[in-house]
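Peer 1: Contents of model.cif (mmCIF, C-alpha atoms) are given next:
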```cif
data_start
loop_
_atom_site.label_atom_id
_atom_site.label_comp_id
_atom_site.auth_asym_id
_atom_site.auth_seq_id
_atom_site.Cartn_x
_atom_site.Cartn_y
_atom_site.Cartn_z
CA MET A 1 28.74 1.31 31.23
CA THR A 2 27.49 4.48 32.87
CA PRO A 3 23.78 5.14 33.36
CA HIS A 4 24.08 7.70 30.59
CA ASP A 5 25.58 5.15 28.18
CA GLU A 6 22.70 2.91 29.06
CA MET A 7 20.31 5.72 28.22
CA LEU A 8 21.99 6.12 24.81
CA ASP A 9 21.26 2.46 24.11
CA ASN A 10 17.69 3.07 25.19
CA ILE A 11 17.47 6.00 22.76
CA ALA A 12 18.02 3.56 19.90
CA MET A 13 15.28 1.29 21.22
CA TYR A 14 13.01 4.30 21.68
CA ALA A 15 13.66 5.48 18.12
CA LEU A 16 12.94 1.97 16.86
CA GLY A 17 9.72 1.87 18.84
CA SER A 18 10.55 -1.21 20.89
CA LEU A 19 10.01 0.14 24.39
CA SER A 20 7.03 -0.47 26.61
CA PRO A 21 4.85 2.58 27.26
CA GLY A 22 6.47 3.13 30.67
CA GLU A 23 10.01 2.91 29.32
CA ALA A 24 9.13 5.09 26.34
CA ALA A 25 7.74 7.81 28.59
CA GLU A 26 10.93 7.77 30.65
CA VAL A 27 13.15 8.17 27.59
CA ALA A 28 10.89 10.85 26.09
CA ALA A 29 11.17 12.86 29.31
CA HIS A 30 14.95 12.46 29.36
CA ILE A 31 15.29 13.63 25.75
CA GLU A 32 13.55 16.84 26.69
CA THR A 33 16.29 17.71 29.18
CA CYS A 34 19.46 16.10 27.75
CA LYS A 35 20.99 17.74 24.71
CA GLU A 36 23.30 14.81 23.92
CA CYS A 37 20.49 12.27 23.99
CA ARG A 38 18.22 14.51 21.94
CA ALA A 39 20.94 14.76 19.30
CA GLU A 40 21.35 10.98 19.36
CA TYR A 41 17.61 10.50 18.90
CA GLN A 42 17.49 12.97 16.02
CA PHE A 43 20.38 11.15 14.38
CA MET A 44 18.75 7.73 14.79
CA ARG A 45 15.23 8.61 13.74
CA PRO A 46 15.79 8.95 9.97
CA ALA A 47 17.42 5.51 9.97
CA VAL A 48 14.26 4.10 11.56
CA THR A 49 12.12 5.90 9.00
CA ALA A 50 14.28 4.32 6.32
CA VAL A 51 13.55 0.88 7.80
CA ALA A 52 9.86 1.66 7.27
CA TYR A 53 10.55 2.51 3.62
CA SER A 54 12.11 -0.91 3.13
CA ALA A 55 8.67 -2.46 3.61
CA GLU A 56 7.19 -0.71 0.60
CA ALA A 57 5.33 -3.34 -1.40
CA CYS A 58 6.94 -4.58 -4.56
CA ALA A 59 5.89 -2.68 -7.67
CA ASP A 60 6.59 -5.62 -9.93
CA ALA A 61 3.36 -6.29 -11.82
CA SER A 62 4.57 -9.75 -12.80
CA THR A 63 4.40 -10.88 -9.18
CA GLY A 64 1.79 -8.49 -7.87
CA ALA A 65 1.31 -10.51 -4.73
CA ALA A 66 2.60 -7.77 -2.48
CA ALA A 67 0.19 -5.06 -3.60
CA PRO A 68 -3.26 -4.35 -2.21
CA SER A 69 -6.34 -5.12 -4.25
CA PRO A 70 -7.33 -2.34 -6.68
CA LEU A 71 -10.73 -2.52 -5.02
CA ILE A 72 -9.27 -0.90 -1.90
CA LYS A 73 -8.61 2.21 -3.92
CA ALA A 74 -12.10 2.03 -5.43
CA ARG A 75 -13.65 1.90 -1.96
CA VAL A 76 -11.51 4.68 -0.55
CA MET A 77 -12.09 6.95 -3.53
CA GLN A 78 -15.82 6.25 -3.45
CA ARG A 79 -16.03 7.74 0.00
CA VAL A 80 -13.55 10.52 -0.68
CA ARG A 81 -15.30 11.70 -3.82
CA ALA A 82 -18.69 11.47 -2.18
CA GLU A 83 -17.47 13.66 0.66
CA ALA A 84 -15.66 16.03 -1.65
CA GLY A 85 -18.91 16.43 -3.55
CA GLN A 86 -17.19 16.05 -6.85
CA GLN A 87 -18.92 14.67 -9.90
CA ARG A 88 -15.78 13.98 -11.91
CA VAL A 89 -15.53 10.56 -13.57
CA PRO A 90 -12.85 8.77 -11.54
CA HIS A 91 -9.62 7.71 -13.19
CA VAL A 92 -10.27 4.12 -12.18
CA TRP A 93 -12.99 3.61 -14.74
CA PRO A 94 -11.28 4.41 -18.04
CA ALA A 95 -12.49 1.14 -19.52
CA TYR A 96 -15.99 2.56 -19.71
CA LEU A 97 -14.79 5.45 -21.76
CA PHE A 98 -12.94 3.01 -23.95
CA ALA A 99 -15.99 0.79 -24.25
CA ALA A 100 -18.08 3.80 -25.23
CA ALA A 101 -15.57 4.68 -27.92
CA CYS A 102 -15.59 1.09 -29.16
CA LEU A 103 -19.37 1.14 -29.28
CA ALA A 104 -19.44 4.31 -31.35
CA ILE A 105 -16.86 2.97 -33.77
CA ALA A 106 -18.68 -0.34 -34.02
CA LEU A 107 -21.97 1.33 -34.86
CA ILE A 108 -20.32 3.35 -37.57
CA THR A 109 -18.31 0.60 -39.14
CA GLY A 110 -20.60 -2.32 -38.54
CA LEU A 111 -17.67 -4.26 -37.15
CA ALA A 112 -19.25 -4.87 -33.80
CA GLN A 113 -17.78 -7.91 -32.19
CA ILE A 114 -17.23 -6.93 -28.63
CA ALA A 115 -18.34 -3.47 -27.80
CA LEU A 116 -21.88 -4.05 -29.02
CA ASN A 117 -22.34 -6.24 -26.01
CA ALA A 118 -21.03 -3.67 -23.60
CA ARG A 119 -23.71 -2.33 -21.31
CA LEU A 120 -22.82 1.08 -20.15
CA ILE A 121 -24.29 1.01 -16.70
CA SER A 122 -24.31 3.79 -14.23
CA GLN A 123 -21.12 4.47 -12.40
CA GLY A 124 -23.04 4.57 -9.17
CA GLN A 125 -24.20 0.98 -9.58
CA THR A 126 -20.65 -0.10 -10.29
CA ILE A 127 -19.26 1.51 -7.16
CA ALA A 128 -22.08 0.07 -5.08
CA ASP A 129 -21.20 -3.40 -6.36
CA LEU A 130 -17.50 -2.97 -5.67
CA ALA A 131 -18.12 -1.79 -2.13
CA ALA A 132 -20.87 -4.30 -1.32
CA PRO A 133 -20.12 -6.69 1.56
CA ASP A 134 -21.85 -9.54 -0.29
CA ALA A 135 -19.63 -9.18 -3.35
CA ARG A 136 -17.52 -12.28 -4.02
CA ARG A 137 -13.83 -11.80 -4.74
CA PHE A 138 -11.60 -14.22 -6.67
CA ALA A 139 -7.96 -13.18 -6.40
CA PHE A 140 -5.20 -13.87 -8.86
CA SER A 141 -1.62 -12.64 -8.89
CA GLY A 142 -2.32 -9.39 -10.74
CA GLY A 143 -5.72 -8.47 -9.31
CA GLU A 144 -9.08 -10.07 -8.82
CA VAL A 145 -12.43 -10.86 -10.35
CA LEU A 146 -15.41 -9.60 -8.38
CA THR A 147 -18.97 -10.79 -8.77
CA ARG A 148 -22.17 -9.55 -7.19
CA GLY A 149 -25.27 -11.35 -8.34
CA ASP A 150 -25.11 -11.32 -12.12
CA HIS A 151 -22.62 -8.46 -12.23
CA LEU A 152 -19.04 -9.22 -13.15
CA TYR A 153 -15.94 -7.02 -12.71
CA LEU A 154 -12.29 -7.46 -13.49
CA ALA A 155 -9.84 -5.44 -11.36
CA MET A 156 -6.15 -5.39 -12.23
CA ARG A 157 -3.23 -3.53 -10.71
CA ASP A 158 -0.07 -2.18 -12.29
CA LEU A 159 -1.07 -3.15 -15.76
CA PRO A 160 1.59 -1.88 -18.18
CA ALA A 161 0.57 -0.28 -21.46
CA PRO A 162 0.15 -2.99 -24.11
CA PRO A 163 2.42 -2.94 -27.17
CA PRO A 164 1.42 -0.42 -29.87
CA GLY A 165 -1.58 -1.65 -31.84
CA HIS A 166 -2.69 -3.94 -29.04
CA VAL A 167 -5.20 -3.92 -26.20
CA TYR A 168 -6.08 -6.16 -23.30
CA GLN A 169 -9.03 -8.45 -23.86
CA ALA A 170 -11.09 -10.31 -21.30
CA TRP A 171 -12.36 -13.83 -22.01
CA THR A 172 -15.09 -15.77 -20.29
CA LEU A 173 -15.65 -19.49 -19.99
CA ALA A 174 -19.30 -20.44 -19.59
CA LYS A 175 -20.15 -23.31 -17.24
CA GLY A 176 -19.88 -26.55 -19.21
CA ALA A 177 -18.19 -24.86 -22.18
CA LYS A 178 -14.88 -26.06 -23.58
CA THR A 179 -13.74 -22.86 -25.24
CA VAL A 180 -13.63 -19.28 -24.04
CA ALA A 181 -15.76 -16.52 -25.52
CA PRO A 182 -14.49 -12.99 -26.26
CA SER A 183 -15.44 -10.25 -23.85
CA THR A 184 -14.53 -6.58 -23.47
CA THR A 185 -11.26 -5.06 -24.64
CA PHE A 186 -9.67 -2.39 -22.48
CA LEU A 187 -6.59 -0.31 -21.79
CA PRO A 188 -4.88 0.23 -18.42
CA GLY A 189 -6.24 2.95 -16.18
CA SER A 190 -4.08 5.69 -14.74
CA GLY A 191 -2.82 5.47 -11.19
CA GLY A 192 -2.05 1.78 -11.18
CA ALA A 193 -5.61 0.41 -11.02
CA THR A 194 -7.87 -0.77 -13.83
CA VAL A 195 -11.43 -1.84 -13.12
CA VAL A 196 -13.61 -3.14 -15.96
CA ARG A 197 -17.25 -4.16 -15.89
CA LEU A 198 -17.67 -7.20 -18.09
CA PRO A 199 -21.06 -7.53 -19.81
CA GLU A 200 -21.47 -11.28 -19.25
CA THR A 201 -23.76 -12.72 -16.58
CA ALA A 202 -21.51 -13.75 -13.73
CA THR A 203 -23.66 -16.63 -12.53
CA THR A 204 -23.35 -18.45 -15.86
CA LEU A 205 -19.55 -18.45 -15.87
CA ALA A 206 -16.85 -20.82 -14.70
CA ALA A 207 -13.74 -18.71 -15.40
CA VAL A 208 -12.40 -15.37 -16.62
CA ALA A 209 -9.11 -14.80 -18.45
CA VAL A 210 -7.19 -11.86 -19.89
CA SER A 211 -4.76 -11.73 -22.82
CA VAL A 212 -3.08 -9.14 -25.02
CA GLU A 213 -4.71 -8.92 -28.42
CA PRO A 214 -4.56 -6.73 -31.53
CA THR A 215 -6.60 -3.54 -31.29
CA GLY A 216 -10.25 -4.36 -31.91
CA GLY A 217 -9.98 -7.68 -30.13
CA SER A 218 -9.86 -11.28 -31.32
CA LYS A 219 -12.41 -14.05 -31.67
CA GLN A 220 -10.09 -16.51 -29.94
CA PRO A 221 -7.00 -15.77 -27.80
CA THR A 222 -3.91 -15.31 -29.92
CA THR A 223 -1.49 -14.96 -27.01
CA LYS A 224 -0.94 -16.78 -23.73
CA PRO A 225 -3.32 -15.46 -21.05
CA ILE A 226 -1.73 -13.12 -18.50
CA ALA A 227 -4.48 -13.95 -16.03
CA LEU A 228 -6.83 -16.87 -15.54
CA VAL A 229 -9.17 -17.19 -12.59
CA ARG A 230 -11.91 -19.70 -11.82
CA ILE A 231 -15.05 -18.27 -10.27
CA MET B 1 7.82 12.17 -4.44
CA ALA B 2 9.63 15.18 -3.00
CA VAL B 3 8.75 16.22 0.53
CA GLU B 4 7.54 19.61 -0.69
CA ASP B 5 5.26 18.03 -3.32
CA ALA B 6 3.55 15.81 -0.75
CA GLY B 7 3.16 18.82 1.52
CA ARG B 8 1.49 20.80 -1.23
CA LEU B 9 -0.85 17.90 -2.00
CA MET B 10 -1.81 17.70 1.66
CA GLU B 11 -2.65 21.40 1.59
CA ARG B 12 -5.06 20.63 -1.26
CA VAL B 13 -6.46 17.65 0.65
CA ARG B 14 -7.22 20.01 3.53
CA ALA B 15 -9.21 22.05 0.99
CA ARG B 16 -11.16 18.83 0.14
CA ASP B 17 -9.42 18.18 -3.18
CA ALA B 18 -10.10 14.53 -4.00
CA ASP B 19 -7.74 14.59 -6.99
CA ALA B 20 -4.83 15.57 -4.76
CA PHE B 21 -5.78 12.80 -2.37
CA GLU B 22 -5.81 10.29 -5.21
CA VAL B 23 -2.26 11.27 -6.19
CA LEU B 24 -1.13 10.69 -2.60
CA TYR B 25 -2.89 7.33 -2.54
CA ASP B 26 -1.20 6.23 -5.75
CA GLU B 27 2.18 7.33 -4.45
CA TYR B 28 2.04 5.92 -0.93
CA HIS B 29 -0.37 2.97 -0.88
CA ARG B 30 2.46 0.50 -1.42
CA LEU B 31 4.34 1.84 1.55
CA VAL B 32 1.26 1.67 3.76
CA TYR B 33 0.22 -1.80 2.62
CA GLY B 34 3.75 -3.18 2.68
CA LEU B 35 4.31 -1.92 6.21
CA ALA B 36 0.97 -3.25 7.42
CA ILE B 37 1.60 -6.69 6.00
CA ARG B 38 5.09 -6.85 7.53
CA VAL B 39 3.62 -6.15 10.98
CA LEU B 40 0.42 -8.16 10.69
CA SER B 41 1.36 -10.98 8.28
CA ASP B 42 -2.20 -11.04 6.96
CA PRO B 43 -2.97 -9.61 3.49
CA LEU B 44 -6.66 -9.03 4.17
CA VAL B 45 -6.07 -7.27 7.48
CA ALA B 46 -3.29 -5.27 5.83
CA GLU B 47 -5.82 -4.13 3.21
CA ASP B 48 -8.15 -3.04 6.02
CA VAL B 49 -5.31 -1.04 7.55
CA THR B 50 -4.49 0.53 4.18
CA GLN B 51 -8.10 1.60 3.77
CA ALA B 52 -8.31 2.92 7.33
CA VAL B 53 -5.06 4.87 7.12
CA PHE B 54 -5.99 6.64 3.91
CA LEU B 55 -9.48 7.43 5.11
CA LYS B 56 -7.82 8.91 8.20
CA VAL B 57 -5.63 11.04 5.96
CA TRP B 58 -8.77 12.25 4.21
CA SER B 59 -10.94 12.77 7.29
CA SER B 60 -8.24 14.33 9.49
CA PRO B 61 -5.67 15.97 7.22
CA THR B 62 -4.69 18.48 9.90
CA LEU B 63 -3.05 15.65 11.85
CA PHE B 64 -0.22 16.03 9.36
CA ARG B 65 1.52 19.18 10.45
CA GLY B 66 4.19 19.36 7.77
CA GLY B 67 7.56 17.73 7.27
CA ASN B 68 8.08 14.32 5.75
CA PHE B 69 4.74 12.87 4.66
CA ALA B 70 6.18 9.41 3.97
CA ALA B 71 7.68 9.26 7.46
CA TRP B 72 4.42 10.47 8.94
CA ILE B 73 2.15 8.05 7.13
CA ALA B 74 4.57 5.21 7.92
CA ARG B 75 4.29 6.02 11.61
CA VAL B 76 0.52 6.30 11.41
CA THR B 77 0.41 2.94 9.66
CA ARG B 78 2.66 1.18 12.11
CA ASN B 79 0.74 2.60 15.04
CA ARG B 80 -2.54 1.49 13.48
CA ALA B 81 -1.17 -2.01 12.93
CA TYR B 82 -0.02 -2.13 16.56
CA ASP B 83 -3.46 -0.96 17.69
CA LEU B 84 -4.91 -3.91 15.81
CA LEU B 85 -2.51 -6.28 17.52
CA ARG B 86 -3.78 -4.90 20.82
CA SER B 87 -7.48 -4.86 20.02
CA ARG B 88 -7.53 -8.34 18.58
CA ALA B 89 -5.59 -9.71 21.53
CA ILE B 90 -3.33 -11.44 19.05
CA ARG B 91 -0.58 -10.89 21.58
CA ASP B 92 -0.36 -10.04 25.27
CA GLU B 93 -0.79 -6.28 25.46
CA ARG B 94 2.23 -5.93 27.72
CA GLU B 95 4.43 -7.27 24.94
CA ILE B 96 3.36 -4.60 22.46
CA PRO B 97 5.49 -1.47 22.47
CA GLU B 98 4.43 2.14 22.73
CA SER B 99 3.37 3.84 19.50
CA LEU B 100 5.88 5.92 17.59
CA PRO B 101 5.37 9.67 18.01
CA ALA B 102 3.91 10.65 14.63
CA GLU B 103 4.59 14.34 15.24
CA ASP B 104 8.33 13.66 14.98
CA ALA B 105 7.87 13.42 11.23
CA ILE B 106 7.78 17.22 11.20
CA GLU B 107 11.55 17.30 11.58
CA ASP B 108 12.20 14.03 9.85
CA THR B 109 13.19 15.20 6.40
CA ALA B 110 16.63 13.62 6.34
CA LEU B 111 16.62 10.57 4.08
CA ALA B 112 13.18 11.65 2.85
CA ASN B 113 13.95 10.86 -0.75
CA VAL B 114 15.61 7.51 -0.19
CA THR B 115 13.96 4.73 -2.16
CA ALA B 116 12.80 1.41 -0.75
CA GLU B 117 15.25 -0.37 -3.00
CA ARG B 118 18.17 1.63 -1.67
CA VAL B 119 17.17 0.99 1.92
CA ARG B 120 16.81 -2.71 1.27
CA GLY B 121 20.31 -2.65 -0.21
CA ALA B 122 21.70 -0.80 2.81
CA LEU B 123 19.97 -3.18 5.22
CA ALA B 124 21.42 -6.13 3.34
CA GLN B 125 24.89 -4.73 3.98
CA LEU B 126 24.44 -4.85 7.75
CA PRO B 127 25.70 -7.86 9.68
CA PRO B 128 22.77 -10.29 9.90
CA GLU B 129 22.75 -10.18 13.70
CA GLN B 130 22.13 -6.42 13.56
CA ARG B 131 19.71 -6.43 10.64
CA GLU B 132 17.54 -9.17 12.07
CA LEU B 133 17.21 -7.43 15.42
CA ILE B 134 16.37 -4.10 13.78
CA GLU B 135 13.69 -5.72 11.65
CA LEU B 136 12.28 -7.67 14.57
CA GLY B 137 12.23 -4.48 16.62
CA PHE B 138 10.53 -2.42 13.95
CA PHE B 139 8.12 -4.88 12.36
CA GLY B 140 7.72 -7.46 15.08
CA GLY B 141 5.29 -5.59 17.28
CA VAL B 142 7.17 -6.65 20.41
CA THR B 143 9.03 -4.91 23.23
CA GLN B 144 12.74 -5.28 23.87
CA GLU B 145 12.04 -7.77 26.65
CA GLU B 146 10.08 -9.94 24.24
CA ILE B 147 12.89 -9.68 21.68
CA ALA B 148 15.26 -10.94 24.35
CA ARG B 149 12.92 -13.79 25.16
CA GLN B 150 12.49 -14.77 21.52
CA THR B 151 16.18 -14.58 20.61
CA GLY B 152 17.67 -15.76 23.90
CA LEU B 153 20.11 -12.84 23.78
CA PRO B 154 20.94 -10.62 26.75
CA LEU B 155 19.05 -7.32 26.66
CA GLY B 156 22.30 -5.34 26.66
CA THR B 157 23.54 -7.18 23.58
CA ILE B 158 20.28 -6.49 21.77
CA LYS B 159 20.40 -2.78 22.53
CA THR B 160 24.02 -2.44 21.48
CA ARG B 161 23.50 -4.34 18.23
CA ILE B 162 20.44 -2.30 17.34
CA ARG B 163 22.15 0.98 18.14
CA THR B 164 25.22 0.03 16.12
CA GLY B 165 23.08 -1.22 13.25
CA LEU B 166 20.98 1.93 13.10
CA ARG B 167 24.09 4.12 13.12
CA ARG B 168 25.57 2.06 10.28
CA LEU B 169 22.34 2.23 8.34
CA ARG B 170 22.19 5.98 8.75
CA SER B 171 25.79 6.30 7.58
CA ALA B 172 25.21 3.99 4.61
CA LEU B 173 22.30 6.16 3.48
CA GLU B 174 24.03 9.42 4.33
CA GLY B 175 24.64 10.32 0.70
CA ALA B 176 20.91 10.76 0.28
CA VAL B 177 20.50 13.18 3.16
CA THR B 178 18.58 16.22 1.98
CA VAL B 179 19.11 18.58 4.91
#
```
Kindly present the structure from the file in structure tokens form.
Peer 2:
Amino acid sequence: MTPHDEMLDNIAMYALGSLSPGEAAEVAAHIETCKECRAEYQFMRPAVTAVAYSAEACADASTGAAAPSPLIKARVMQRVRAEAGQQRVPHVWPAYLFAAACLAIALITGLAQIALNARLISQGQTIADLAAPDARRFAFSGGEVLTRGDHLYLAMRDLPAPPPGHVYQAWTLAKGAKTVAPSTTFLPGSGGATVVRLPETATTLAAVAVSVEPTGGSKQPTTKPIALVRI
Amino acid sequence: MAVEDAGRLMERVRARDADAFEVLYDEYHRLVYGLAIRVLSDPLVAEDVTQAVFLKVWSSPTLFRGGNFAAWIARVTRNRAYDLLRSRAIRDEREIPESLPAEDAIEDTALANVTAERVRGALAQLPPEQRELIELGFFGGVTQEEIARQTGLPLGTIKTRIRTGLRRLRSALEGAVTV
């Protein structure tokens, strides 16, 4: 093997990023002056980029384990929107809009079961809770429950649209209770993340669950929970 | 997402458009997180890297100078993960390779629209002895000397297998070349 053949092997290692800083500098300098090696590097590099693509986290919501917490997006967007100086309601809080709609309907029809309990708090308080270092996080396969003091949030990722005529409904299990109580109903947010503020007092609860229910919600779960987390 | 679309979104990010940034986050956060977790093997640290990378995109959008955004953010992510390996002294610094030149993504538009699934399929077609070395080289956060030490293989064999494997991978994905 000639020294130049050896250099061609090194080009592959350089493209892959497996050379020490000293070796990498040597190859980088050689590429600048050698047309053949530069062509080899340019041929190899897209293959290395493709290797990076292979690591993309699984988008399968049924496993969910390989995706970052939806709260990461909430934290990033908090800072980005603050710096952008925008006042737009973020896409990650559609449940509040839904809760507001439920509340209005409930007041009109008198059929308030769930939304009447919804406290429409300020968005700023919500974001502060989500970003707080003292917030407690309880992960499950499709997201996590977050508590901060009495405040309670449910964050889910990659939630598919429920069947027509159905919504997602949260359930809470009070400490010492044997049956769950109905909480907020909600629909998935855009962009893969759904964050819902639940009206219950976090410190009184032992668990949170989510199931798919008919629009308007149910008094007891009618389907198998898609999420159940002890807090 | 097409290369041109990501480029246009980055132009809007430079103009402080948070909506454009959010679209990029939704499109690329899985790549960033998945790459970080492959290098660091720690979900919580990988989340930190994901957050740091995207905040870097927002705070310094001019670092992206055009070309393939996915390739660029992948390089930024891998370099950030390697920086963490260094700073946390998880491994002897001499074993950790040099960062990938992120500016190379300017030219790196070939294979830009290849999906993760297709790459995983192409990697699976490689002989295991080539695939495993490529993955150790790319995700392992180790130099070629450390690969040799870990595998017990001669350095020359490692280089040849990786070079052959990368050429095969490139050929297997060739149908998706966009330039």
Peer 1: Identify which of the residues A:Ala206, A:Val212, A:Cys37, A:Arg148 lies closest to Pro164 in chain A, counting all atoms listed in the file when measuring atom-to-atom distances.
Peer 2: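 So, comparing all the options, the nearest one is A:Val212.
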Peer 1: What is the distance, in Å and to one decimal place, between CA of Ser59 in chain B and CA of Val51 in chain A?
Peer 2: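 CA of Val51 in chain A lies at a distance of 27.2 Å from CA of Ser59 in chain B.
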Peer 1: From (10.4, 10.1, -5.9), in the file's coordinates, out to 9 Å: which residues are reached, counting only C-alpha atoms? Answer as a PyMOL selection string.
Peer 2: chain B and resi 1-2+27+113-115
Peer 1: How far is it from CA of Leu55 in chain B to CA of Ser18 in chain A, in Å with one decimal?
Peer 2: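 Here the two named atoms are 26.9 Å from each other.
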Peer 1: Report as a VMD selection string the full result of the PyMOL selection byres ((chain A and resi 166) around 8) when it is applied to this structure.
Peer 2: chain A and resid 162 to 165 167 to 168 212 to 215
Peer 1: Next, dump the selected residues to file, keeping only C-alpha atoms, as a PDB file, in the coordinates of the input.
Peer 2:
```pdb
ATOM      1  CA  PRO A 162       0.150  -2.990 -24.110  1.00  0.00           C
ATOM      2  CA  PRO A 163       2.420  -2.940 -27.170  1.00  0.00           C
ATOM      3  CA  PRO A 164       1.420  -0.420 -29.870  1.00  0.00           C
ATOM      4  CA  GLY A 165      -1.580  -1.650 -31.840  1.00  0.00           C
ATOM      5  CA  VAL A 167      -5.200  -3.920 -26.200  1.00  0.00           C
ATOM      6  CA  TYR A 168      -6.080  -6.160 -23.300  1.00  0.00           C
ATOM      7  CA  VAL A 212      -3.080  -9.140 -25.020  1.00  0.00           C
ATOM      8  CA  GLU A 213      -4.710  -8.920 -28.420  1.00  0.00           C
ATOM      9  CA  PRO A 214      -4.560  -6.730 -31.530  1.00  0.00           C
ATOM     10  CA  THR A 215      -6.600  -3.540 -31.290  1.00  0.00           C
TER      11      THR A 215
END
```
Peer 1: Translate the PyMOL selection byres ((chain A and resi 74) around 9) into a concrete residue list for this structure, as a compact mmCIF listing (two decimals) with C-alpha atoms, in the coordinates of the input.
Peer 2:
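Contents of the output file expr-v5.txt:
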```
# COMPACT_ATOMS: atom_id res chain seq x y z
CA PRO A 70 -7.33 -2.34 -6.68
CA LEU A 71 -10.73 -2.52 -5.02
CA ILE A 72 -9.27 -0.90 -1.90
CA LYS A 73 -8.61 2.21 -3.92
CA ARG A 75 -13.65 1.90 -1.96
CA VAL A 76 -11.51 4.68 -0.55
CA MET A 77 -12.09 6.95 -3.53
CA GLN A 78 -15.82 6.25 -3.45
CA ARG A 79 -16.03 7.74 0.00
CA VAL A 92 -10.27 4.12 -12.18
CA ILE A 127 -19.26 1.51 -7.16
CA LEU A 130 -17.50 -2.97 -5.67
CA ALA A 131 -18.12 -1.79 -2.13
CA ALA A 193 -5.61 0.41 -11.02
CA VAL A 195 -11.43 -1.84 -13.12
```
Peer 1: So, counting all atoms listed in the file, which residue among A:Asp9, A:Asp158, A:Asp150, A:Glu144 is closest to Pro199 in chain A?
Peer 2: A:Asp150
Peer 1: Between CA of Leu8 in chain A and CA of Arg170 in chain B, what distance in Å does the model show, to one decimal?
Peer 2: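 The value is 16.1 Å.
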Peer 1: Given the file shown, determine the residues that the PyMOL selection byres ((chain A and resi 176) around 10) selects; report them as a ChimeraX atom specification.
Peer 2: /A:173-175,177-179,204-206
Peer 1: Residues of chain B within 7 Å of chain A, counting only C-alpha atoms - could you list those as a compact mmCIF listing (two decimals) with C-alpha atoms, keeping the file's coordinate frame?
Peer 2:
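result29.txt was written with the following content:
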```
# COMPACT_ATOMS: atom_id res chain seq x y z
CA ARG B 16 -11.16 18.83 0.14
CA ASP B 17 -9.42 18.18 -3.18
CA ALA B 18 -10.10 14.53 -4.00
CA ASP B 26 -1.20 6.23 -5.75
CA ARG B 30 2.46 0.50 -1.42
CA LEU B 31 4.34 1.84 1.55
CA TYR B 33 0.22 -1.80 2.62
CA GLY B 34 3.75 -3.18 2.68
CA LEU B 35 4.31 -1.92 6.21
CA ARG B 38 5.09 -6.85 7.53
CA GLU B 47 -5.82 -4.13 3.21
CA GLN B 51 -8.10 1.60 3.77
CA LEU B 55 -9.48 7.43 5.11
CA ALA B 71 7.68 9.26 7.46
CA ALA B 74 4.57 5.21 7.92
CA ILE B 96 3.36 -4.60 22.46
CA PRO B 97 5.49 -1.47 22.47
CA GLU B 98 4.43 2.14 22.73
CA SER B 99 3.37 3.84 19.50
CA LEU B 100 5.88 5.92 17.59
CA ASP B 108 12.20 14.03 9.85
CA ALA B 110 16.63 13.62 6.34
CA LEU B 111 16.62 10.57 4.08
CA ALA B 116 12.80 1.41 -0.75
CA GLU B 117 15.25 -0.37 -3.00
CA VAL B 119 17.17 0.99 1.92
CA ARG B 120 16.81 -2.71 1.27
CA GLY B 137 12.23 -4.48 16.62
CA PHE B 138 10.53 -2.42 13.95
CA VAL B 142 7.17 -6.65 20.41
CA THR B 143 9.03 -4.91 23.23
CA GLN B 144 12.74 -5.28 23.87
CA LYS B 159 20.40 -2.78 22.53
CA THR B 160 24.02 -2.44 21.48
CA ILE B 162 20.44 -2.30 17.34
CA ARG B 163 22.15 0.98 18.14
CA LEU B 166 20.98 1.93 13.10
CA ARG B 167 24.09 4.12 13.12
CA LEU B 169 22.34 2.23 8.34
CA ARG B 170 22.19 5.98 8.75
```
Peer 1: Using only C-alpha atoms, pick whichever of A:Leu228, A:Arg197, A:Ala29, A:Leu159 has the shortest atom-to-atom distance to Asp129 in chain A.
Peer 2: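 Closest residue, counting only C-alpha atoms: A:Arg197.
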Peer 1: Given only C-alpha atoms as the basis, pick out the residue of B:Phe21, B:Ser60, B:Thr50, B:Phe69 nearest to Gly7 in chain B.
Peer 2: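 Smallest separation from Gly7 in chain B among the options: B:Phe69.
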Peer 1: Can you report as JSON the centre and edge lengths in Å, to one decimal, of an axis-aligned box around the listed atoms of range 24-41 of chain B padded with 8 Å on each side?
Peer 2:
```
{"center_x": 1.1, "center_y": -0.1, "center_z": 2.6, "size_x": 24.0, "size_y": 37.7, "size_z": 32.7}
```
Peer 1: Which protein, DNA or RNA residues are at most 10 Å from (-8.2, -11.4, -7.2) in the file's coordinates when you count only C-alpha atoms, listed as a VMD selection string?
Peer 2: chain A and resid 65 68 to 71 136 to 146 154 to 157 227 229
Peer 1: Save out the residues we just selected, C-alpha atoms, as a CSV table (one decimal), in the frame of the given file.
Peer 2:
```csv
chain,number,residue,atom,x,y,z
A,65,ALA,CA,1.3,-10.5,-4.7
A,68,PRO,CA,-3.3,-4.4,-2.2
A,69,SER,CA,-6.3,-5.1,-4.2
A,70,PRO,CA,-7.3,-2.3,-6.7
A,71,LEU,CA,-10.7,-2.5,-5.0
A,136,ARG,CA,-17.5,-12.3,-4.0
A,137,ARG,CA,-13.8,-11.8,-4.7
A,138,PHE,CA,-11.6,-14.2,-6.7
A,139,ALA,CA,-8.0,-13.2,-6.4
A,140,PHE,CA,-5.2,-13.9,-8.9
A,141,SER,CA,-1.6,-12.6,-8.9
A,142,GLY,CA,-2.3,-9.4,-10.7
A,143,GLY,CA,-5.7,-8.5,-9.3
A,144,GLU,CA,-9.1,-10.1,-8.8
A,145,VAL,CA,-12.4,-10.9,-10.4
A,146,LEU,CA,-15.4,-9.6,-8.4
A,154,LEU,CA,-12.3,-7.5,-13.5
A,155,ALA,CA,-9.8,-5.4,-11.4
A,156,MET,CA,-6.2,-5.4,-12.2
A,157,ARG,CA,-3.2,-3.5,-10.7
A,227,ALA,CA,-4.5,-14.0,-16.0
A,229,VAL,CA,-9.2,-17.2,-12.6
```
